[in-house]
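my_file.pdb follows; it contains PDB, C-alpha atoms, pLDDT in the B column.
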```pdb
ATOM      1  CA  MET A 235     -13.256 -12.379   4.636  1.00 90.00           C
ATOM      2  CA  PRO A 236     -10.484 -10.142   6.028  1.00 96.00           C
ATOM      3  CA  ASP A 237     -11.414  -6.577   6.927  1.00 97.00           C
ATOM      4  CA  ILE A 238      -8.944  -4.632   4.781  1.00 98.00           C
ATOM      5  CA  LEU A 239      -9.793  -0.987   5.376  1.00 97.00           C
ATOM      6  CA  LEU A 240      -7.347   0.333   2.797  1.00 97.00           C
ATOM      7  CA  THR A 241      -4.359  -0.769   0.760  1.00 98.00           C
ATOM      8  CA  ARG A 242      -1.659   1.814   0.146  1.00 97.00           C
ATOM      9  CA  ILE A 243       1.373   1.951  -2.111  1.00 97.00           C
ATOM     10  CA  ASP A 244       4.228   3.779  -0.416  1.00 95.00           C
ATOM     11  CA  ASN A 245       7.905   3.286  -1.264  1.00 94.00           C
ATOM     12  CA  ARG A 246       8.744   4.090   2.351  1.00 93.00           C
ATOM     13  CA  LEU A 247       6.236   1.553   3.684  1.00 96.00           C
ATOM     14  CA  VAL A 248       5.468   2.573   7.302  1.00 95.00           C
ATOM     15  CA  HIS A 249       6.698   5.992   8.383  1.00 89.00           C
ATOM     16  CA  GLY A 250       5.177   8.936  10.237  1.00 82.00           C
ATOM     17  CA  GLN A 251       2.535   9.807   7.653  1.00 75.00           C
ATOM     18  CA  VAL A 252       1.362   6.208   7.256  1.00 77.00           C
ATOM     19  CA  GLY A 253       1.728   5.377  10.921  1.00 81.00           C
ATOM     20  CA  VAL A 254      -0.067   8.412  12.286  1.00 84.00           C
ATOM     21  CA  ALA A 255      -2.173  10.282   9.714  1.00 91.00           C
ATOM     22  CA  TRP A 256      -3.511   7.284   7.813  1.00 94.00           C
ATOM     23  CA  THR A 257      -4.109   4.975  10.769  1.00 93.00           C
ATOM     24  CA  SER A 258      -5.973   7.808  12.524  1.00 91.00           C
ATOM     25  CA  ALA A 259      -8.089   8.466   9.420  1.00 94.00           C
ATOM     26  CA  LEU A 260      -9.027   4.788   9.051  1.00 95.00           C
ATOM     27  CA  SER A 261     -11.741   4.282  11.630  1.00 91.00           C
ATOM     28  CA  GLY A 262     -11.059   1.218  13.754  1.00 94.00           C
ATOM     29  CA  CYS A 263      -7.660   0.428  12.236  1.00 96.00           C
ATOM     30  CA  ASN A 264      -5.757  -1.777  14.675  1.00 97.00           C
ATOM     31  CA  LEU A 265      -3.311  -3.691  12.478  1.00 97.00           C
ATOM     32  CA  ILE A 266      -0.848  -2.658   9.792  1.00 97.00           C
ATOM     33  CA  VAL A 267       0.219  -5.462   7.467  1.00 98.00           C
ATOM     34  CA  VAL A 268       3.378  -4.749   5.502  1.00 98.00           C
ATOM     35  CA  ALA A 269       3.399  -7.009   2.443  1.00 98.00           C
ATOM     36  CA  ASP A 270       6.933  -6.699   1.143  1.00 98.00           C
ATOM     37  CA  ASP A 271       9.617  -9.298   0.487  1.00 98.00           C
ATOM     38  CA  GLN A 272      12.499  -7.013   1.518  1.00 97.00           C
ATOM     39  CA  ALA A 273      10.944  -5.761   4.748  1.00 98.00           C
ATOM     40  CA  ALA A 274       9.902  -9.290   5.726  1.00 98.00           C
ATOM     41  CA  ALA A 275      13.592 -10.240   5.728  1.00 98.00           C
ATOM     42  CA  ASP A 276      15.020  -7.110   7.373  1.00 97.00           C
ATOM     43  CA  PRO A 277      14.838  -6.927  11.194  1.00 97.00           C
ATOM     44  CA  LEU A 278      16.205  -3.368  11.276  1.00 96.00           C
ATOM     45  CA  GLN A 279      13.474  -2.055   8.970  1.00 94.00           C
ATOM     46  CA  GLN A 280      10.923  -3.982  11.005  1.00 97.00           C
ATOM     47  CA  SER A 281      12.065  -2.476  14.315  1.00 96.00           C
ATOM     48  CA  LEU A 282      11.776   1.072  12.957  1.00 94.00           C
ATOM     49  CA  MET A 283       8.324   0.454  11.491  1.00 96.00           C
ATOM     50  CA  THR A 284       7.183  -1.346  14.646  1.00 96.00           C
ATOM     51  CA  ALA A 285       8.011   1.733  16.736  1.00 94.00           C
ATOM     52  CA  THR A 286       5.916   3.893  14.405  1.00 93.00           C
ATOM     53  CA  ALA A 287       2.977   1.467  14.538  1.00 94.00           C
ATOM     54  CA  ARG A 288       3.125   1.260  18.340  1.00 93.00           C
ATOM     55  CA  ASN A 289       3.040   5.057  18.589  1.00 90.00           C
ATOM     56  CA  ALA A 290      -0.139   4.948  16.495  1.00 90.00           C
ATOM     57  CA  GLY A 291      -1.677   2.286  18.749  1.00 92.00           C
ATOM     58  CA  CYS A 292      -1.593  -0.395  16.064  1.00 95.00           C
ATOM     59  CA  GLY A 293      -0.132  -3.833  15.826  1.00 96.00           C
ATOM     60  CA  ILE A 294       2.066  -4.581  12.846  1.00 97.00           C
ATOM     61  CA  ARG A 295       2.976  -7.715  10.891  1.00 98.00           C
ATOM     62  CA  PHE A 296       5.551  -8.226   8.161  1.00 98.00           C
ATOM     63  CA  PHE A 297       4.942 -10.831   5.454  1.00 98.00           C
ATOM     64  CA  THR A 298       6.320 -11.575   2.040  1.00 98.00           C
ATOM     65  CA  LEU A 299       3.876 -11.044  -0.795  1.00 98.00           C
ATOM     66  CA  ASP A 300       3.374 -14.799  -1.159  1.00 98.00           C
ATOM     67  CA  LYS A 301       2.770 -15.288   2.560  1.00 98.00           C
ATOM     68  CA  THR A 302       0.276 -12.403   2.578  1.00 98.00           C
ATOM     69  CA  ILE A 303      -1.641 -14.106  -0.225  1.00 98.00           C
ATOM     70  CA  SER A 304      -1.632 -17.415   1.630  1.00 98.00           C
ATOM     71  CA  ILE A 305      -2.691 -16.166   5.084  1.00 98.00           C
ATOM     72  CA  ILE A 306      -4.754 -12.984   4.679  1.00 98.00           C
ATOM     73  CA  HIS A 307      -7.987 -14.974   4.616  1.00 97.00           C
ATOM     74  CA  LYS A 308      -7.162 -16.313   8.093  1.00 97.00           C
ATOM     75  CA  ALA A 309      -7.369 -12.818   9.618  1.00 97.00           C
ATOM     76  CA  SER A 310      -9.563 -12.524  12.681  1.00 96.00           C
ATOM     77  CA  ALA A 311     -12.792 -10.561  12.435  1.00 94.00           C
ATOM     78  CA  SER A 312     -11.368  -8.295  15.149  1.00 97.00           C
ATOM     79  CA  GLN A 313      -8.440  -7.297  12.913  1.00 98.00           C
ATOM     80  CA  HIS A 314      -9.108  -4.110  10.963  1.00 98.00           C
ATOM     81  CA  ILE A 315      -6.241  -4.030   8.503  1.00 98.00           C
ATOM     82  CA  PHE A 316      -4.289  -1.293   6.799  1.00 97.00           C
ATOM     83  CA  LEU A 317      -2.316  -3.118   4.100  1.00 98.00           C
ATOM     84  CA  VAL A 318       0.870  -1.417   2.880  1.00 98.00           C
ATOM     85  CA  VAL A 319       2.928  -2.409  -0.178  1.00 98.00           C
ATOM     86  CA  ARG A 320       6.027  -0.854  -1.730  1.00 97.00           C
ATOM     87  CA  ASP A 321       5.006  -0.565  -5.389  1.00 97.00           C
ATOM     88  CA  PRO A 322       2.356  -1.292  -8.032  1.00 98.00           C
ATOM     89  CA  GLN A 323       3.993  -4.627  -8.873  1.00 98.00           C
ATOM     90  CA  GLY A 324       3.468  -5.844  -5.308  1.00 98.00           C
ATOM     91  CA  ALA A 325      -0.118  -4.595  -5.277  1.00 98.00           C
ATOM     92  CA  ARG A 326      -0.846  -6.373  -8.555  1.00 98.00           C
ATOM     93  CA  LYS A 327       0.606  -9.632  -7.236  1.00 98.00           C
ATOM     94  CA  LEU A 328      -1.665  -9.416  -4.191  1.00 98.00           C
ATOM     95  CA  VAL A 329      -4.778  -8.663  -6.245  1.00 98.00           C
ATOM     96  CA  GLU A 330      -4.044 -11.436  -8.744  1.00 98.00           C
ATOM     97  CA  GLY A 331      -3.307 -13.751  -5.809  1.00 98.00           C
ATOM     98  CA  GLY A 332      -6.817 -13.289  -4.455  1.00 98.00           C
ATOM     99  CA  VAL A 333      -6.285 -10.718  -1.712  1.00 98.00           C
ATOM    100  CA  PRO A 334      -9.637  -8.887  -1.469  1.00 98.00           C
ATOM    101  CA  ILE A 335      -8.521  -5.336  -2.143  1.00 98.00           C
ATOM    102  CA  ASP A 336     -11.260  -2.901  -3.098  1.00 97.00           C
ATOM    103  CA  LYS A 337      -9.386   0.408  -2.662  1.00 97.00           C
ATOM    104  CA  LEU A 338      -5.779   1.089  -3.652  1.00 98.00           C
ATOM    105  CA  CYS A 339      -4.399   4.431  -2.531  1.00 97.00           C
ATOM    106  CA  ILE A 340      -1.192   5.463  -4.255  1.00 97.00           C
ATOM    107  CA  GLY A 341       1.041   7.472  -1.955  1.00 93.00           C
ATOM    108  CA  ASN A 342       4.726   8.082  -2.169  1.00 91.00           C
ATOM    109  CA  MET A 343       6.454   6.747  -5.288  1.00 94.00           C
ATOM    110  CA  HIS A 344       9.995   8.079  -5.708  1.00 92.00           C
ATOM    111  CA  VAL A 345      11.536   9.589  -8.799  1.00 93.00           C
ATOM    112  CA  GLY A 346      13.718   7.190 -10.781  1.00 93.00           C
ATOM    113  CA  PRO A 347      15.029   6.389 -14.244  1.00 94.00           C
ATOM    114  CA  GLY A 348      12.240   6.507 -16.808  1.00 93.00           C
ATOM    115  CA  LYS A 349       9.669   7.740 -14.298  1.00 95.00           C
ATOM    116  CA  THR A 350       7.632  10.884 -14.828  1.00 92.00           C
ATOM    117  CA  ILE A 351       5.479  12.864 -12.447  1.00 92.00           C
ATOM    118  CA  CYS A 352       1.770  12.047 -12.285  1.00 89.00           C
ATOM    119  CA  GLY A 353      -0.619  14.814 -11.418  1.00 77.00           C
ATOM    120  CA  ASP A 354       0.506  17.385  -8.896  1.00 77.00           C
ATOM    121  CA  ALA A 355       1.163  14.927  -6.076  1.00 75.00           C
ATOM    122  CA  HIS A 356       4.868  14.243  -6.655  1.00 79.00           C
ATOM    123  CA  VAL A 357       4.174  10.624  -7.527  1.00 94.00           C
ATOM    124  CA  TYR A 358       6.522   9.258 -10.169  1.00 96.00           C
ATOM    125  CA  MET A 359       5.658   6.339 -12.455  1.00 96.00           C
ATOM    126  CA  ASP A 360       6.958   4.586 -15.502  1.00 96.00           C
ATOM    127  CA  GLU A 361       4.885   2.690 -18.048  1.00 96.00           C
ATOM    128  CA  ARG A 362       5.240  -0.597 -16.152  1.00 97.00           C
ATOM    129  CA  ASP A 363       3.777   1.014 -13.016  1.00 97.00           C
ATOM    130  CA  LYS A 364       0.840   2.341 -15.030  1.00 97.00           C
ATOM    131  CA  GLU A 365       0.261  -1.030 -16.709  1.00 98.00           C
ATOM    132  CA  ASP A 366       0.133  -2.725 -13.315  1.00 98.00           C
ATOM    133  CA  LEU A 367      -2.290  -0.124 -11.970  1.00 98.00           C
ATOM    134  CA  ARG A 368      -4.509  -0.458 -15.048  1.00 98.00           C
ATOM    135  CA  ALA A 369      -4.583  -4.238 -14.573  1.00 98.00           C
ATOM    136  CA  ILE A 370      -5.581  -3.753 -10.926  1.00 98.00           C
ATOM    137  CA  ARG A 371      -8.303  -1.299 -11.923  1.00 98.00           C
ATOM    138  CA  LYS A 372      -9.653  -3.806 -14.475  1.00 98.00           C
ATOM    139  CA  LYS A 373     -10.204  -6.193 -11.534  1.00 97.00           C
ATOM    140  CA  GLY A 374     -12.683  -3.678 -10.092  1.00 97.00           C
ATOM    141  CA  VAL A 375     -10.362  -1.986  -7.602  1.00 98.00           C
ATOM    142  CA  ASP A 376     -10.761   1.753  -6.980  1.00 98.00           C
ATOM    143  CA  VAL A 377      -7.229   3.049  -7.768  1.00 98.00           C
ATOM    144  CA  TYR A 378      -6.287   6.637  -6.974  1.00 97.00           C
ATOM    145  CA  ILE A 379      -3.486   8.934  -5.807  1.00 96.00           C
ATOM    146  CA  GLN A 380      -3.914  10.537  -2.397  1.00 95.00           C
ATOM    147  CA  ILE A 381      -0.882  11.645  -0.435  1.00 92.00           C
ATOM    148  CA  ALA A 382      -2.514  12.536   2.894  1.00 92.00           C
ATOM    149  CA  PRO A 383      -6.004  11.734   4.201  1.00 94.00           C
ATOM    150  CA  GLY A 384      -7.222  15.338   3.770  1.00 92.00           C
ATOM    151  CA  ASP A 385      -5.926  15.685   0.216  1.00 93.00           C
ATOM    152  CA  ARG A 386      -8.148  15.324  -2.813  1.00 92.00           C
ATOM    153  CA  ARG A 387      -8.005  12.092  -4.761  1.00 94.00           C
ATOM    154  CA  GLN A 388      -6.383  12.168  -8.188  1.00 93.00           C
ATOM    155  CA  ASP A 389      -6.434   9.761 -11.098  1.00 92.00           C
ATOM    156  CA  PHE A 390      -2.999   8.362 -11.914  1.00 90.00           C
ATOM    157  CA  GLU A 391      -3.774   8.607 -15.639  1.00 86.00           C
ATOM    158  CA  LYS A 392      -4.122  12.411 -15.605  1.00 73.00           C
TER     159      LYS A 392
END
```
Could you spell out this file's structure in structure tokens?
Amino acid sequence: MPDILLTRIDNRLVHGQVGVAWTSALSGCNLIVVADDQAAADPLQQSLMTATARNAGCGIRFFTLDKTISIIHKASASQHIFLVVRDPQGARKLVEGGVPIDKLCIGNMHVGPGKTICGDAHVYMDERDKEDLRAIRKKGVDVYIQIAPGDRRQDFEK
């Protein structure tokens, strides 16, 4: 069973907040796995995110969603994983694909057409996002909004 410390939705994937604040808050975190089809195919994005991960003292891997589903169970016991996805659709695909996610932290989700703010955390969702998150929650995953490690958790439905 892979040791997934936390799964986070963040449109920006790995950036300063994810690479420093969250990896520091996750005791023992030594590997960031970016599960995202676009990032897995973009060497420029990967180089920028790799620099951030290195500064945090973590390794980093980039996989498509399908590849993440197929290989996550091969993770070494010494790998303590922070799994990062771009959006609720990606998170739902991972959960339905058998990735053992027990906590899903919703971070940055940008404003866009048809999206409204959720709570006071500047997280924007449309009905499709909420449907995906509800489906994930029905699988027994603890789903919540939390921008930074010291912030309070919020329910995306409120």
When the PyMOL selection byres ((chain A and resi 267-270) around 7) is applied to the file above, which residues end up in the set, as a PyMOL selection string?
chain A and resi 265-266+271-274+294-299+302+315-320
Store the residues picked out above, limited to C-alpha atoms, as a PDB file, keeping the file's coordinate frame.
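Now in result24.pdb:
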```
ATOM      1  CA  LEU A 265      -3.311  -3.691  12.478  1.00 97.00           C
ATOM      2  CA  ILE A 266      -0.848  -2.658   9.792  1.00 97.00           C
ATOM      3  CA  ASP A 271       9.617  -9.298   0.487  1.00 98.00           C
ATOM      4  CA  GLN A 272      12.499  -7.013   1.518  1.00 97.00           C
ATOM      5  CA  ALA A 273      10.944  -5.761   4.748  1.00 98.00           C
ATOM      6  CA  ALA A 274       9.902  -9.290   5.726  1.00 98.00           C
ATOM      7  CA  ILE A 294       2.066  -4.581  12.846  1.00 97.00           C
ATOM      8  CA  ARG A 295       2.976  -7.715  10.891  1.00 98.00           C
ATOM      9  CA  PHE A 296       5.551  -8.226   8.161  1.00 98.00           C
ATOM     10  CA  PHE A 297       4.942 -10.831   5.454  1.00 98.00           C
ATOM     11  CA  THR A 298       6.320 -11.575   2.040  1.00 98.00           C
ATOM     12  CA  LEU A 299       3.876 -11.044  -0.795  1.00 98.00           C
ATOM     13  CA  THR A 302       0.276 -12.403   2.578  1.00 98.00           C
ATOM     14  CA  ILE A 315      -6.241  -4.030   8.503  1.00 98.00           C
ATOM     15  CA  PHE A 316      -4.289  -1.293   6.799  1.00 97.00           C
ATOM     16  CA  LEU A 317      -2.316  -3.118   4.100  1.00 98.00           C
ATOM     17  CA  VAL A 318       0.870  -1.417   2.880  1.00 98.00           C
ATOM     18  CA  VAL A 319       2.928  -2.409  -0.178  1.00 98.00           C
ATOM     19  CA  ARG A 320       6.027  -0.854  -1.730  1.00 97.00           C
TER      20      ARG A 320
END
```
Evaluating the PyMOL selection byres ((chain A and resi 239) around 12) on the displayed file yields which residues, as a PyMOL selection string?
chain A and resi 235-238+240-242+256-267+313-318+334-339
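Counting from CA of Asp244 in chain A, the distance to CA of Arg288 in chain A is 19.0 Å.
When the PyMOL selection byres ((chain A and resi 347-362) around 9) is evaluated against the file, it yields Pro322, Gln323, Ile340, Gly341, Asn342, Met343, His344, Val345, Gly346, Asp363, Lys364, Glu365, Asp366, Leu367, Ile379, Gln380, Ile381, Gln388, Asp389, Phe390, Glu391 and Lys392 of chain A.
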Residues within 12 Å of Gly332 in chain A, please, as number ranges by chain. Count all atoms listed in the file; anything in the same chain fewer than 6 positions from it doesn't count.
A: 235-236, 299-300, 302-307, 325-326, 370, 373
Please write out, as JSON, where the centre of an axis-aligned box around all listed atoms of range 334-338 of chain A lies and how long its edges are, in Å to one decimal, after adding 6 Å on each side.
```
{"center_x": -8.5, "center_y": -3.9, "center_z": -2.6, "size_x": 17.5, "size_y": 22.0, "size_z": 14.2}
```
Need to verify the contact set: Gly250 in chain A, 9 Å, only C-alpha atoms, exclusion of same-chain residues closer than 5 positions in sequence. Can you return it as a compact mmCIF listing (two decimals) with C-alpha atoms, in the frame of the given file?
```txt
# COMPACT_ATOMS: atom_id res chain seq x y z
CA ALA A 255 -2.17 10.28 9.71
CA THR A 286 5.92 3.89 14.40
CA ALA A 287 2.98 1.47 14.54
```
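For the residues A:Ala369, A:Gly384, A:Val377, A:Val252, ranking by smallest atom-to-atom distance to Cys292 in chain A using only C-alpha atoms places A:Val252 first.
Here CA of Asn289 in chain A and CA of Arg246 in chain A stand 17.2 Å from one another.
You will find CA of His249 in chain A at 25.0 Å from CA of Ser310 in chain A.
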Could you extract range 296-309 of chain A of the given structure into a file holding all heavy atoms, as a compact mmCIF listing (two decimals), in the first residue's frame?
```txt
# COMPACT_ATOMS: atom_id res chain seq x y z
N PHE A 296 6.43 13.04 -12.31
CA PHE A 296 5.31 13.53 -13.12
C PHE A 296 4.73 12.36 -13.89
O PHE A 296 5.44 11.72 -14.67
CB PHE A 296 5.80 14.60 -14.11
CG PHE A 296 6.45 15.76 -13.43
CD1 PHE A 296 7.81 15.79 -13.21
CD2 PHE A 296 5.68 16.83 -12.98
CE1 PHE A 296 8.42 16.85 -12.57
CE2 PHE A 296 6.28 17.90 -12.34
CZ PHE A 296 7.66 17.91 -12.13
N PHE A 297 3.45 12.09 -13.67
CA PHE A 297 2.77 10.99 -14.35
C PHE A 297 1.42 11.46 -14.88
O PHE A 297 0.79 12.34 -14.28
CB PHE A 297 2.52 9.81 -13.39
CG PHE A 297 3.76 9.24 -12.76
CD1 PHE A 297 3.88 9.18 -11.39
CD2 PHE A 297 4.81 8.76 -13.53
CE1 PHE A 297 5.01 8.65 -10.78
CE2 PHE A 297 5.95 8.22 -12.94
CZ PHE A 297 6.05 8.17 -11.57
N THR A 298 0.98 10.84 -15.94
CA THR A 298 -0.40 11.07 -16.37
C THR A 298 -1.31 10.45 -15.31
O THR A 298 -0.86 9.67 -14.46
CB THR A 298 -0.69 10.40 -17.73
OG1 THR A 298 -0.55 8.98 -17.56
CG2 THR A 298 0.23 10.91 -18.84
N LEU A 299 -2.58 10.79 -15.38
CA LEU A 299 -3.53 10.20 -14.43
C LEU A 299 -3.56 8.69 -14.58
O LEU A 299 -3.51 7.96 -13.58
CB LEU A 299 -4.92 10.80 -14.65
CG LEU A 299 -5.04 12.28 -14.31
CD1 LEU A 299 -6.34 12.86 -14.87
CD2 LEU A 299 -4.94 12.53 -12.82
N ASP A 300 -3.61 8.20 -15.82
CA ASP A 300 -3.65 6.75 -16.04
C ASP A 300 -2.40 6.06 -15.52
O ASP A 300 -2.47 4.98 -14.92
CB ASP A 300 -3.85 6.43 -17.52
CG ASP A 300 -5.27 6.72 -17.99
OD1 ASP A 300 -6.20 6.68 -17.16
OD2 ASP A 300 -5.45 6.98 -19.19
N LYS A 301 -1.24 6.66 -15.75
CA LYS A 301 0.00 6.04 -15.27
C LYS A 301 0.04 6.04 -13.74
O LYS A 301 0.51 5.08 -13.12
CB LYS A 301 1.23 6.73 -15.84
CG LYS A 301 2.50 6.02 -15.42
CD LYS A 301 3.66 6.30 -16.31
CE LYS A 301 4.82 5.44 -15.86
NZ LYS A 301 5.96 5.53 -16.72
N THR A 302 -0.44 7.11 -13.12
CA THR A 302 -0.49 7.16 -11.66
C THR A 302 -1.32 5.99 -11.13
O THR A 302 -0.91 5.30 -10.20
CB THR A 302 -1.07 8.50 -11.17
OG1 THR A 302 -0.27 9.57 -11.70
CG2 THR A 302 -1.09 8.57 -9.65
N ILE A 303 -2.48 5.79 -11.74
CA ILE A 303 -3.35 4.68 -11.33
C ILE A 303 -2.63 3.34 -11.48
O ILE A 303 -2.72 2.48 -10.60
CB ILE A 303 -4.66 4.70 -12.16
CG1 ILE A 303 -5.51 5.91 -11.76
CG2 ILE A 303 -5.44 3.40 -12.01
CD1 ILE A 303 -6.64 6.24 -12.72
N SER A 304 -1.87 3.19 -12.56
CA SER A 304 -1.25 1.89 -12.82
C SER A 304 0.00 1.63 -11.98
O SER A 304 0.33 0.47 -11.75
CB SER A 304 -0.93 1.74 -14.31
OG SER A 304 0.13 2.59 -14.69
N ILE A 305 0.69 2.68 -11.50
CA ILE A 305 1.95 2.41 -10.80
C ILE A 305 1.98 2.81 -9.32
O ILE A 305 2.92 2.43 -8.63
CB ILE A 305 3.15 3.07 -11.52
CG1 ILE A 305 3.06 4.58 -11.42
CG2 ILE A 305 3.29 2.59 -12.92
CD1 ILE A 305 4.37 5.26 -11.71
N ILE A 306 0.99 3.51 -8.82
CA ILE A 306 1.06 4.00 -7.45
C ILE A 306 1.23 2.87 -6.44
O ILE A 306 1.88 3.04 -5.41
CB ILE A 306 -0.16 4.91 -7.10
CG1 ILE A 306 0.12 5.72 -5.83
CG2 ILE A 306 -1.43 4.08 -6.94
CD1 ILE A 306 1.09 6.85 -6.02
N HIS A 307 0.69 1.72 -6.73
CA HIS A 307 0.79 0.60 -5.79
C HIS A 307 2.18 -0.02 -5.78
O HIS A 307 2.46 -0.87 -4.93
CB HIS A 307 -0.28 -0.44 -6.10
CG HIS A 307 -1.67 0.07 -5.84
ND1 HIS A 307 -2.19 0.20 -4.58
CD2 HIS A 307 -2.63 0.52 -6.67
CE1 HIS A 307 -3.41 0.71 -4.64
NE2 HIS A 307 -3.70 0.91 -5.90
N LYS A 308 3.05 0.41 -6.68
CA LYS A 308 4.43 -0.07 -6.70
C LYS A 308 5.37 0.83 -5.90
O LYS A 308 6.57 0.59 -5.86
CB LYS A 308 4.92 -0.16 -8.15
CG LYS A 308 4.14 -1.17 -8.98
CD LYS A 308 4.60 -1.17 -10.41
CE LYS A 308 3.72 -2.11 -11.23
NZ LYS A 308 4.04 -2.07 -12.65
N ALA A 309 4.82 1.85 -5.26
CA ALA A 309 5.64 2.78 -4.48
C ALA A 309 6.37 2.03 -3.37
O ALA A 309 5.83 1.12 -2.75
CB ALA A 309 4.78 3.89 -3.89
```
